[in-house]
Each structure stands twice: as structure tokens, then as C-alpha cells.
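J.: File coords_29.cif follows (mmCIF, C-alpha atoms and all ligand atoms):
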```cif
data_upload
#
loop_
_atom_site.group_PDB
_atom_site.id
_atom_site.type_symbol
_atom_site.label_atom_id
_atom_site.label_comp_id
_atom_site.auth_asym_id
_atom_site.auth_seq_id
_atom_site.Cartn_x
_atom_site.Cartn_y
_atom_site.Cartn_z
ATOM 1 C CA MET A 182 -17.622 9.308 -10.191
ATOM 2 C CA ILE A 183 -15.666 10.290 -7.095
ATOM 3 C CA GLU A 184 -17.702 9.753 -3.948
ATOM 4 C CA LEU A 185 -17.178 12.363 -1.230
ATOM 5 C CA LYS A 186 -17.276 11.240 2.393
ATOM 6 C CA SER A 187 -18.852 13.201 5.234
ATOM 7 C CA PRO A 188 -16.779 13.943 8.363
ATOM 8 C CA GLU A 189 -18.752 11.188 10.144
ATOM 9 C CA GLU A 190 -17.896 8.704 7.408
ATOM 10 C CA ILE A 191 -14.250 9.705 7.543
ATOM 11 C CA GLU A 192 -14.280 8.991 11.285
ATOM 12 C CA ILE A 193 -15.498 5.463 10.543
ATOM 13 C CA MET A 194 -12.815 5.137 7.868
ATOM 14 C CA ARG A 195 -10.285 6.199 10.471
ATOM 15 C CA GLN A 196 -11.447 3.285 12.640
ATOM 16 C CA ALA A 197 -10.955 0.911 9.704
ATOM 17 C CA GLY A 198 -7.585 2.553 9.041
ATOM 18 C CA GLN A 199 -6.532 2.067 12.648
ATOM 19 C CA VAL A 200 -7.282 -1.634 12.413
ATOM 20 C CA VAL A 201 -5.085 -1.785 9.303
ATOM 21 C CA GLY A 202 -2.332 0.239 10.996
ATOM 22 C CA GLY A 203 -2.409 -1.997 14.078
ATOM 23 C CA LEU A 204 -2.315 -5.091 11.907
ATOM 24 C CA LEU A 205 0.669 -3.816 9.934
ATOM 25 C CA LYS A 206 2.512 -2.938 13.134
ATOM 26 C CA ARG A 207 1.907 -6.406 14.535
ATOM 27 C CA VAL A 208 3.128 -8.088 11.350
ATOM 28 C CA HIS A 209 6.054 -5.661 11.010
ATOM 29 C CA ASP A 210 7.308 -6.482 14.499
ATOM 30 C CA LEU A 211 6.993 -10.209 13.858
ATOM 31 C CA ILE A 212 9.049 -10.351 10.645
ATOM 32 C CA LYS A 213 12.315 -12.275 11.030
ATOM 33 C CA PRO A 214 14.249 -14.991 9.226
ATOM 34 C CA GLY A 215 12.628 -18.428 9.511
ATOM 35 C CA LEU A 216 8.998 -17.284 9.659
ATOM 36 C CA THR A 217 6.769 -18.118 6.710
ATOM 37 C CA THR A 218 4.518 -15.618 5.005
ATOM 38 C CA LYS A 219 1.625 -17.821 6.160
ATOM 39 C CA ASP A 220 2.731 -17.192 9.762
ATOM 40 C CA LEU A 221 2.422 -13.470 9.043
ATOM 41 C CA ASP A 222 -0.995 -13.984 7.509
ATOM 42 C CA LYS A 223 -2.248 -15.893 10.552
ATOM 43 C CA ALA A 224 -1.103 -13.129 12.902
ATOM 44 C CA ALA A 225 -2.826 -10.577 10.675
ATOM 45 C CA HIS A 226 -6.064 -12.527 10.583
ATOM 46 C CA ASP A 227 -6.080 -13.030 14.367
ATOM 47 C CA TYR A 228 -5.559 -9.292 14.823
ATOM 48 C CA VAL A 229 -8.482 -8.278 12.588
ATOM 49 C CA ILE A 230 -10.781 -10.697 14.398
ATOM 50 C CA GLU A 231 -9.605 -9.374 17.801
ATOM 51 C CA CYS A 232 -10.563 -5.910 16.564
ATOM 52 C CA LYS A 233 -14.012 -7.210 15.584
ATOM 53 C CA ALA A 234 -13.370 -5.998 12.065
ATOM 54 C CA LYS A 235 -13.437 -7.882 8.760
ATOM 55 C CA PRO A 236 -10.425 -8.637 6.583
ATOM 56 C CA ALA A 237 -10.925 -6.791 3.302
ATOM 57 C CA PHE A 238 -8.762 -8.928 1.023
ATOM 58 C CA LEU A 239 -9.880 -12.414 2.135
ATOM 59 C CA GLY A 240 -12.276 -13.600 -0.556
ATOM 60 C CA TYR A 241 -11.875 -10.422 -2.628
ATOM 61 C CA ARG A 242 -12.182 -11.752 -6.195
ATOM 62 C CA GLY A 243 -11.209 -15.092 -4.672
ATOM 63 C CA PHE A 244 -8.002 -13.902 -2.945
ATOM 64 C CA PRO A 245 -7.264 -16.593 -0.332
ATOM 65 C CA ALA A 246 -5.674 -14.612 2.548
ATOM 66 C CA THR A 247 -5.882 -11.620 4.889
ATOM 67 C CA ILE A 248 -2.643 -10.028 3.685
ATOM 68 C CA CYS A 249 -0.724 -9.894 0.448
ATOM 69 C CA ALA A 250 2.864 -10.897 1.206
ATOM 70 C CA SER A 251 5.235 -10.139 -1.658
ATOM 71 C CA VAL A 252 8.871 -11.189 -1.301
ATOM 72 C CA ASN A 253 11.829 -9.660 -3.210
ATOM 73 C CA GLU A 254 10.956 -9.501 -6.947
ATOM 74 C CA GLU A 255 7.270 -9.868 -6.104
ATOM 75 C CA ILE A 256 5.710 -6.429 -6.459
ATOM 76 C CA VAL A 257 2.196 -6.894 -5.082
ATOM 77 C CA HIS A 258 -0.554 -9.499 -4.560
ATOM 78 C CA GLY A 259 1.752 -12.262 -3.311
ATOM 79 C CA ILE A 260 -0.198 -15.113 -1.702
ATOM 80 C CA PRO A 261 1.004 -16.109 1.787
ATOM 81 C CA SER A 262 2.666 -19.521 1.629
ATOM 82 C CA ASP A 263 5.065 -21.861 3.402
ATOM 83 C CA ARG A 264 7.993 -19.900 1.951
ATOM 84 C CA LYS A 265 10.368 -19.064 4.791
ATOM 85 C CA LEU A 266 11.759 -15.561 5.003
ATOM 86 C CA LYS A 267 15.522 -15.497 5.021
ATOM 87 C CA ASP A 268 18.277 -13.061 5.794
ATOM 88 C CA GLY A 269 18.627 -10.551 2.936
ATOM 89 C CA ASP A 270 15.008 -10.781 1.760
ATOM 90 C CA ILE A 271 12.594 -7.887 1.621
ATOM 91 C CA VAL A 272 8.893 -8.461 2.204
ATOM 92 C CA SER A 273 5.991 -6.213 1.285
ATOM 93 C CA VAL A 274 2.836 -6.596 3.354
ATOM 94 C CA ASP A 275 -0.437 -5.106 2.125
ATOM 95 C CA ALA A 276 -3.644 -5.342 4.153
ATOM 96 C CA GLY A 277 -7.181 -4.038 4.275
ATOM 97 C CA ALA A 278 -9.945 -4.070 6.862
ATOM 98 C CA ILE A 279 -13.650 -3.262 6.904
ATOM 99 C CA VAL A 280 -15.386 -1.481 9.801
ATOM 100 C CA LYS A 281 -19.107 -0.657 9.605
ATOM 101 C CA GLY A 282 -19.014 -1.046 5.833
ATOM 102 C CA PHE A 283 -15.988 1.210 5.234
ATOM 103 C CA TYR A 284 -12.536 0.131 4.072
ATOM 104 C CA GLY A 285 -8.962 0.921 5.061
ATOM 105 C CA ASP A 286 -5.959 -0.142 2.959
ATOM 106 C CA ALA A 287 -2.219 0.249 3.591
ATOM 107 C CA ALA A 288 1.124 -1.451 2.974
ATOM 108 C CA PHE A 289 4.817 -1.399 3.892
ATOM 109 C CA THR A 290 8.026 -3.123 2.872
ATOM 110 C CA LYS A 291 10.540 -4.332 5.440
ATOM 111 C CA VAL A 292 13.989 -5.835 5.174
ATOM 112 C CA VAL A 293 14.654 -9.233 6.722
ATOM 113 C CA GLY A 294 18.020 -9.198 8.478
ATOM 114 C CA GLN A 295 20.845 -7.528 6.551
ATOM 115 C CA VAL A 296 20.544 -6.102 3.025
ATOM 116 C CA LYS A 297 22.783 -4.132 0.678
ATOM 117 C CA PRO A 298 22.711 -0.312 0.899
ATOM 118 C CA GLU A 299 20.974 -0.109 -2.506
ATOM 119 C CA VAL A 300 18.083 -2.107 -1.066
ATOM 120 C CA THR A 301 17.777 0.131 1.983
ATOM 121 C CA ARG A 302 17.709 3.034 -0.445
ATOM 122 C CA LEU A 303 14.939 1.430 -2.532
ATOM 123 C CA LEU A 304 12.717 1.237 0.548
ATOM 124 C CA LYS A 305 13.605 4.747 1.681
ATOM 125 C CA VAL A 306 12.836 6.300 -1.704
ATOM 126 C CA THR A 307 9.551 4.402 -2.046
ATOM 127 C CA LYS A 308 8.413 5.623 1.366
ATOM 128 C CA GLU A 309 9.538 9.168 0.583
ATOM 129 C CA SER A 310 7.578 9.123 -2.666
ATOM 130 C CA LEU A 311 4.464 8.057 -0.758
ATOM 131 C CA TYR A 312 4.903 10.991 1.622
ATOM 132 C CA ALA A 313 5.465 13.378 -1.282
ATOM 133 C CA GLY A 314 2.162 12.169 -2.746
ATOM 134 C CA ILE A 315 0.420 12.623 0.590
ATOM 135 C CA ALA A 316 1.800 16.167 0.954
ATOM 136 C CA ALA A 317 0.366 17.021 -2.482
ATOM 137 C CA SER A 318 -3.077 15.677 -1.485
ATOM 138 C CA LYS A 319 -4.410 19.132 -0.728
ATOM 139 C CA VAL A 320 -7.762 20.761 -1.405
ATOM 140 C CA GLY A 321 -7.444 22.736 -4.633
ATOM 141 C CA ASN A 322 -4.623 20.688 -6.130
ATOM 142 C CA ARG A 323 -5.424 18.469 -9.074
ATOM 143 C CA LEU A 324 -5.233 14.713 -8.889
ATOM 144 C CA SER A 325 -2.186 14.487 -11.165
ATOM 145 C CA ASP A 326 -0.290 16.800 -8.822
ATOM 146 C CA VAL A 327 -0.243 13.829 -6.437
ATOM 147 C CA SER A 328 1.043 11.529 -9.191
ATOM 148 C CA TYR A 329 3.655 14.079 -10.248
ATOM 149 C CA ALA A 330 4.934 14.547 -6.686
ATOM 150 C CA ILE A 331 5.418 10.792 -6.363
ATOM 151 C CA GLN A 332 7.175 10.496 -9.722
ATOM 152 C CA GLN A 333 9.559 13.366 -8.983
ATOM 153 C CA VAL A 334 11.004 11.569 -5.965
ATOM 154 C CA ILE A 335 11.415 8.253 -7.775
ATOM 155 C CA ASP A 336 12.828 9.703 -11.003
ATOM 156 C CA LYS A 337 15.411 11.683 -9.062
ATOM 157 C CA SER A 338 16.668 8.411 -7.593
ATOM 158 C CA LYS A 339 16.790 6.643 -10.984
ATOM 159 C CA LEU A 340 14.502 3.856 -9.809
ATOM 160 C CA GLY A 341 11.627 2.247 -11.751
ATOM 161 C CA ILE A 342 7.951 3.155 -11.347
ATOM 162 C CA VAL A 343 5.475 0.321 -11.796
ATOM 163 C CA ARG A 344 2.697 1.566 -14.095
ATOM 164 C CA GLU A 345 0.372 -1.419 -14.298
ATOM 165 C CA PHE A 346 -0.832 -0.905 -10.731
ATOM 166 C CA VAL A 347 -1.994 2.392 -9.301
ATOM 167 C CA GLY A 348 -3.586 3.896 -6.199
ATOM 168 C CA HIS A 349 -7.317 4.399 -5.949
ATOM 169 C CA GLY A 350 -10.209 6.034 -4.187
ATOM 170 C CA ILE A 351 -11.459 4.089 -1.177
ATOM 171 C CA GLY A 352 -14.611 4.138 0.935
ATOM 172 C CA ARG A 353 -17.577 1.762 0.882
ATOM 173 C CA ALA A 354 -15.564 -0.232 -1.649
ATOM 174 C CA LEU A 355 -11.909 -1.217 -1.606
ATOM 175 C CA HIS A 356 -11.325 0.286 -5.036
ATOM 176 C CA GLU A 357 -13.264 3.411 -5.973
ATOM 177 C CA ASP A 358 -12.694 6.239 -8.395
ATOM 178 C CA PRO A 359 -10.370 7.902 -9.091
ATOM 179 C CA PRO A 360 -7.366 5.799 -10.124
ATOM 180 C CA VAL A 361 -4.208 7.421 -8.686
ATOM 181 C CA PRO A 362 -1.203 6.720 -10.954
ATOM 182 C CA ASN A 363 2.303 7.053 -9.547
ATOM 183 C CA TYR A 364 3.454 9.063 -12.565
ATOM 184 C CA GLY A 365 2.173 11.861 -14.767
ATOM 185 C CA ALA A 366 2.408 15.538 -15.620
ATOM 186 C CA PRO A 367 1.050 17.974 -13.012
ATOM 187 C CA GLY A 368 -2.097 20.074 -13.261
ATOM 188 C CA THR A 369 -4.591 17.661 -14.782
ATOM 189 C CA GLY A 370 -7.489 15.546 -13.587
ATOM 190 C CA PRO A 371 -10.176 16.390 -11.057
ATOM 191 C CA ARG A 372 -9.611 19.021 -8.382
ATOM 192 C CA LEU A 373 -9.094 17.537 -4.950
ATOM 193 C CA ARG A 374 -11.947 18.317 -2.599
ATOM 194 C CA GLU A 375 -12.754 17.942 1.061
ATOM 195 C CA GLY A 376 -14.142 14.453 1.635
ATOM 196 C CA MET A 377 -12.159 12.591 -1.010
ATOM 197 C CA VAL A 378 -10.251 9.606 0.339
ATOM 198 C CA LEU A 379 -7.350 8.187 -1.664
ATOM 199 C CA ALA A 380 -5.256 5.056 -1.199
ATOM 200 C CA ILE A 381 -1.855 6.233 -2.408
ATOM 201 C CA GLU A 382 0.561 3.405 -3.155
ATOM 202 C CA PRO A 383 3.802 3.769 -5.106
ATOM 203 C CA MET A 384 5.465 0.535 -6.234
ATOM 204 C CA VAL A 385 9.129 1.017 -7.073
ATOM 205 C CA THR A 386 11.775 -1.261 -8.607
ATOM 206 C CA ILE A 387 15.570 -1.324 -8.630
ATOM 207 C CA GLY A 388 15.625 -2.594 -12.236
ATOM 208 C CA SER A 389 13.053 -2.477 -15.006
ATOM 209 C CA PRO A 390 9.493 -1.769 -13.792
ATOM 210 C CA GLU A 391 7.967 -4.181 -16.300
ATOM 211 C CA VAL A 392 5.488 -6.565 -14.737
ATOM 212 C CA GLU A 393 4.667 -10.227 -15.168
ATOM 213 C CA ILE A 394 1.848 -12.149 -13.444
ATOM 214 C CA LEU A 395 2.748 -15.602 -12.125
ATOM 215 C CA GLU A 396 0.713 -18.733 -12.866
ATOM 216 C CA ASP A 397 -1.244 -18.415 -9.614
ATOM 217 C CA GLY A 398 -3.078 -15.563 -11.354
ATOM 218 C CA TRP A 399 -2.252 -13.121 -8.530
ATOM 219 C CA THR A 400 1.427 -12.583 -7.837
ATOM 220 C CA ALA A 401 2.873 -9.669 -9.803
ATOM 221 C CA VAL A 402 6.651 -9.853 -10.206
ATOM 222 C CA THR A 403 9.206 -7.732 -12.032
ATOM 223 C CA ARG A 404 9.914 -9.297 -15.409
ATOM 224 C CA ASP A 405 13.669 -8.940 -14.823
ATOM 225 C CA ARG A 406 13.221 -10.282 -11.246
ATOM 226 C CA SER A 407 14.710 -7.148 -9.736
ATOM 227 C CA LEU A 408 13.610 -6.146 -6.238
ATOM 228 C CA SER A 409 10.459 -4.122 -5.708
ATOM 229 C CA ALA A 410 9.093 -2.106 -2.779
ATOM 230 C CA HIS A 411 5.594 -0.852 -1.932
ATOM 231 C CA PHE A 412 4.298 1.640 0.636
ATOM 232 C CA GLU A 413 0.667 2.694 0.972
ATOM 233 C CA HIS A 414 -1.641 4.784 3.120
ATOM 234 C CA SER A 415 -5.326 5.653 2.949
ATOM 235 C CA VAL A 416 -5.507 9.448 3.082
ATOM 236 C CA ALA A 417 -8.485 11.763 3.637
ATOM 237 C CA ILE A 418 -8.403 15.147 1.946
ATOM 238 C CA THR A 419 -9.644 17.848 4.291
ATOM 239 C CA GLU A 420 -9.599 21.630 4.540
ATOM 240 C CA ARG A 421 -7.039 21.191 7.329
ATOM 241 C CA GLY A 422 -4.766 19.216 5.012
ATOM 242 C CA PRO A 423 -4.251 15.540 4.241
ATOM 243 C CA GLN A 424 -5.019 13.118 7.068
ATOM 244 C CA ILE A 425 -3.444 9.683 7.072
ATOM 245 C CA LEU A 426 -6.197 7.307 8.204
ATOM 246 C CA THR A 427 -3.945 4.230 8.360
ATOM 247 C CA ALA A 428 -1.118 5.835 10.374
ATOM 248 C CA TRP A 429 0.967 3.580 12.630
ATOM 249 C CA GLU A 430 4.228 3.956 14.432
ATOM 250 C CA ASP A 431 7.111 4.593 12.022
ATOM 251 C CA VAL A 432 5.534 4.164 8.594
HETATM 252 MG MG MG A 501 -4.546 -0.245 -2.342
#
```
Just give me the structure of the file as C-alpha cells.
Ligand code: MG
T.:
Amino acid sequence: MIELKSPEEIEIMRQAGQVVGGLLKRVHDLIKPGLTTKDLDKAAHDYVIECKAKPAFLGYRGFPATICASVNEEIVHGIPSDRKLKDGDIVSVDAGAIVKGFYGDAAFTKVVGQVKPEVTRLLKVTKESLYAGIAASKVGNRLSDVSYAIQQVIDKSKLGIVREFVGHGIGRALHEDPPVPNYGAPGTGPRLREGMVLAIEPMVTIGSPEVEILEDGWTAVTRDRSLSAHFEHSVAITERGPQILTAWEDV
């Protein structure tokens, strides 16, 4: 069942989203060669506490950190560690926060130092596909129109779409109905209605999109170890159009 949110509830979700956006901006600006992903996690945790909010991922099904930090071939759910970022890496940071019982969830991928043009393109296409999905998140459209819009952008660029992980509804829980795949034919699924809130999150690979889970039970990597990027926003569907609740500076 898809739970609709009142305008008042969406305002609270915007507060949660702004904590997430602020956190991502802080971590984004910090990223440089030599820092560990644990350093990023500490900065993220400090930020959430400063905001008097709660980290949404810490303790979620036993996840041990405030952010997921996924480097290079890691797609999502990377656990922050003592691994040092180095020139030529890419790092995906995913974070959630809880304010007054409501969740926000968003992610970005950033390059560390210099990367090849094909890597810059991977990030650009992934972000573009997210924005195509957001643009399709309109009252009256069907859910799979969002999925289709995302897929169109990625297919055109001949990149891989991860299928094992999908977007989701969000609200009083981190993961609510409906699942939001990043692929699919248009015109099916529930009609989008005012008050739905979706976390839209394409995960895109340079090589094969097949997934493997590492022994830590969390980290999802590409089976062929090709690079993977991830962008995400929490988006409210309103009569005035989609509203990005987790908006921050340039993502
Ligand atoms: Mg999510």
C-alpha cells in the first residue's frame, strides 16, 4: 500500500531532506585524496547530531555507520573503513536522516582528483537519468513512466542499469511502497498522486550491471569490478510538480 503524505507531513520530510542535503554537501566538499571513508562518516555523523536529527542508516538492520561509502566497483552499501581515497577513485555517498519520525534519503557520486573522460561521463549520465526520473514524477503519470524515463537516458549512453536494487517510497519508514525500478516499459503501475514521496536512485555501471555481495554481507559490487555510480533524491509528488526534498547545491 502506498501511503500518501499530507502537506504538513511533506514539510517535515523537507526538514529531514534538508539535513540529508546539508550532510551530503559537507561530505562532498571534504572528499580528497588521503581521506578515509571513515573520516567522511565521522563528518556526516557530526553534522546530523548538530542538526539535532537522527542518522537513518546507523543501526538499520545492523548497518554500522551514518553513511554508505562505496568506492569504484562498489555500487551501494559500502561500509566506511580505513580505506584511503586516492587520485582516480570515485566515491558514492548515500545518507539518510530522521526528523520528527520522517525520513530523508539521498546520494551522490564524486570523482577524487583526476579521472578518465568515460568516468566523468558515467557520473553525468547517472545524474541525468535521476533528473529524467524526477521530471516524470508528475501527478497522473504512472509509476513505470518514472522507471522508463530513467532507463531511456542510460540505454542511450550504452551503460549498465543495476536491477537488483531499486528506488522506493519513503516517509515514516526508510523503505515504503512502491518499489521504483530504474528500468521498465512505460504506462504501467499505480498512478502517481499528490502526497506520494519517492526516493529515486539509479545505479549505473560502465561494464556489466551484474551484482555480487561481498563477505561483509553489505557491500554490493559489480561482478566484473567495473565502476558504478549512484545518484538519489527524495521527491514529493505534488499538483505543482515534483519537489526535491533533499536538494543541495549542485546535485
Ligand atoms: Mg534509497
J.: I would like the residues chosen by the PyMOL selection byres (((chain A and resi 363-366) around 10) and not hetatm) on the shown file; could you give them as an NGL selection string?
T.: :A and (310-311 or 314 or 324-333 or 335-336 or 342-348 or 360-362 or 367-369 or 381-385)
J.: Expand the PyMOL selection byres (((chain A and resi 426) around 9) and not hetatm) into the individual residues it matches in the shown file, reporting them as a PyMOL selection string.
T.: chain A and resi 191-192+194-199+202+285+414-417+424-425+427-428
J.: So which one's closest to ligand MG 501 (chain A), A:Lys308, A:Lys265, A:Arg406, A:His349? Using all atoms listed in the file, please.
T.: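 Closest residue, counting all atoms listed in the file: A:His349.
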J.: Apply the PyMOL selection byres (((chain A and resi 250) around 6) and not hetatm) to the displayed file and report the matching residues as a ChimeraX atom specification.
T.: /A:249,251,259-261,273-274
J.: Go through A:Ala288, A:Val402, A:Val334, A:Leu304 one by one, measure the shortest atom-to-atom distance of each to ligand MG 501 (chain A) using all atoms listed in the file, and give the residue with the smallest value.
T.: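 Checking each of A:Ala288, A:Val402, A:Val334, A:Leu304 against ligand MG 501 (chain A), counting all atoms listed in the file, the winner is A:Ala288.
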J.: For each of A:His258, A:Lys319, A:Lys235, A:His226, take the minimum atom-to-atom distance to ligand MG 501 (chain A), counting only C-alpha atoms and all ligand atoms, then give the residue where this is smallest.
T.: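 Among A:His258, A:Lys319, A:Lys235, A:His226, it is A:His258 that comes nearest to ligand MG 501 (chain A).
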J.: Would you compute the distance between CA of Tyr241 in chain A and CA of Val200 in chain A? Give it in Å to one decimal.
T.: 18.0 Å
J.: Out of A:Leu204, A:Leu216, A:Ile248, A:Leu211, which residue has the shortest atom-to-atom distance to ligand MG 501 (chain A) when counting all atoms listed in the file?
T.: A:Ile248
J.: Just to confirm, what's the straight-line distance from CA of Ala237 in chain A to CA of Asp286 in chain A in Å (one decimal)?
T.: 8.3 Å
J.: Give me, as a ChimeraX atom specification, all polymer residues having an atom no more than 6 Å from Glu375 in chain A, counting only C-alpha atoms and skipping those fewer than 5 positions away in the same chain.
T.: /A:418-420
J.: Under the rule that only C-alpha atoms are counted, which of A:Phe289, A:Lys219, A:Leu373, A:Ile183 is the nearest residue to His356 in chain A?
T.: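 Using only C-alpha atoms, His356 in chain A sits closest to A:Ile183.
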J.: May I ask which of the residues A:Tyr284, A:Phe244, A:Trp399, A:Trp429 is the closest one to Ala380 in chain A, counting all atoms listed in the file?
T.: A:Tyr284
J.: Between atom MG of ligand MG 501 (chain A) and CA of Val252 in chain A, measure the distance and give it in Å to one decimal.
T.: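 These atoms are spaced 17.3 Å apart.
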J.: Need the shell around Ala234 in chain A: protein/DNA/RNA residues with any atom at most 7 Å away, counting all atoms listed in the file. Skip same-chain ones fewer than 4 positions apart. Format as a PDB file with C-alpha atoms, in the frame of the given file?
T.:
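Okay, part23.pdb is ready:
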```
ATOM      1  CA  VAL A 229      -8.482  -8.278  12.588  1.00  0.00           C
ATOM      2  CA  ILE A 230     -10.781 -10.697  14.398  1.00  0.00           C
ATOM      3  CA  ALA A 278      -9.945  -4.070   6.862  1.00  0.00           C
ATOM      4  CA  ILE A 279     -13.650  -3.262   6.904  1.00  0.00           C
ATOM      5  CA  VAL A 280     -15.386  -1.481   9.801  1.00  0.00           C
TER       6      VAL A 280
END
```
J.: Residues within 10 Å of Met182 in chain A, please, as a PyMOL selection string. Count only C-alpha atoms; anything in the same chain fewer than 3 positions from it doesn't count.
T.: chain A and resi 185+357-359
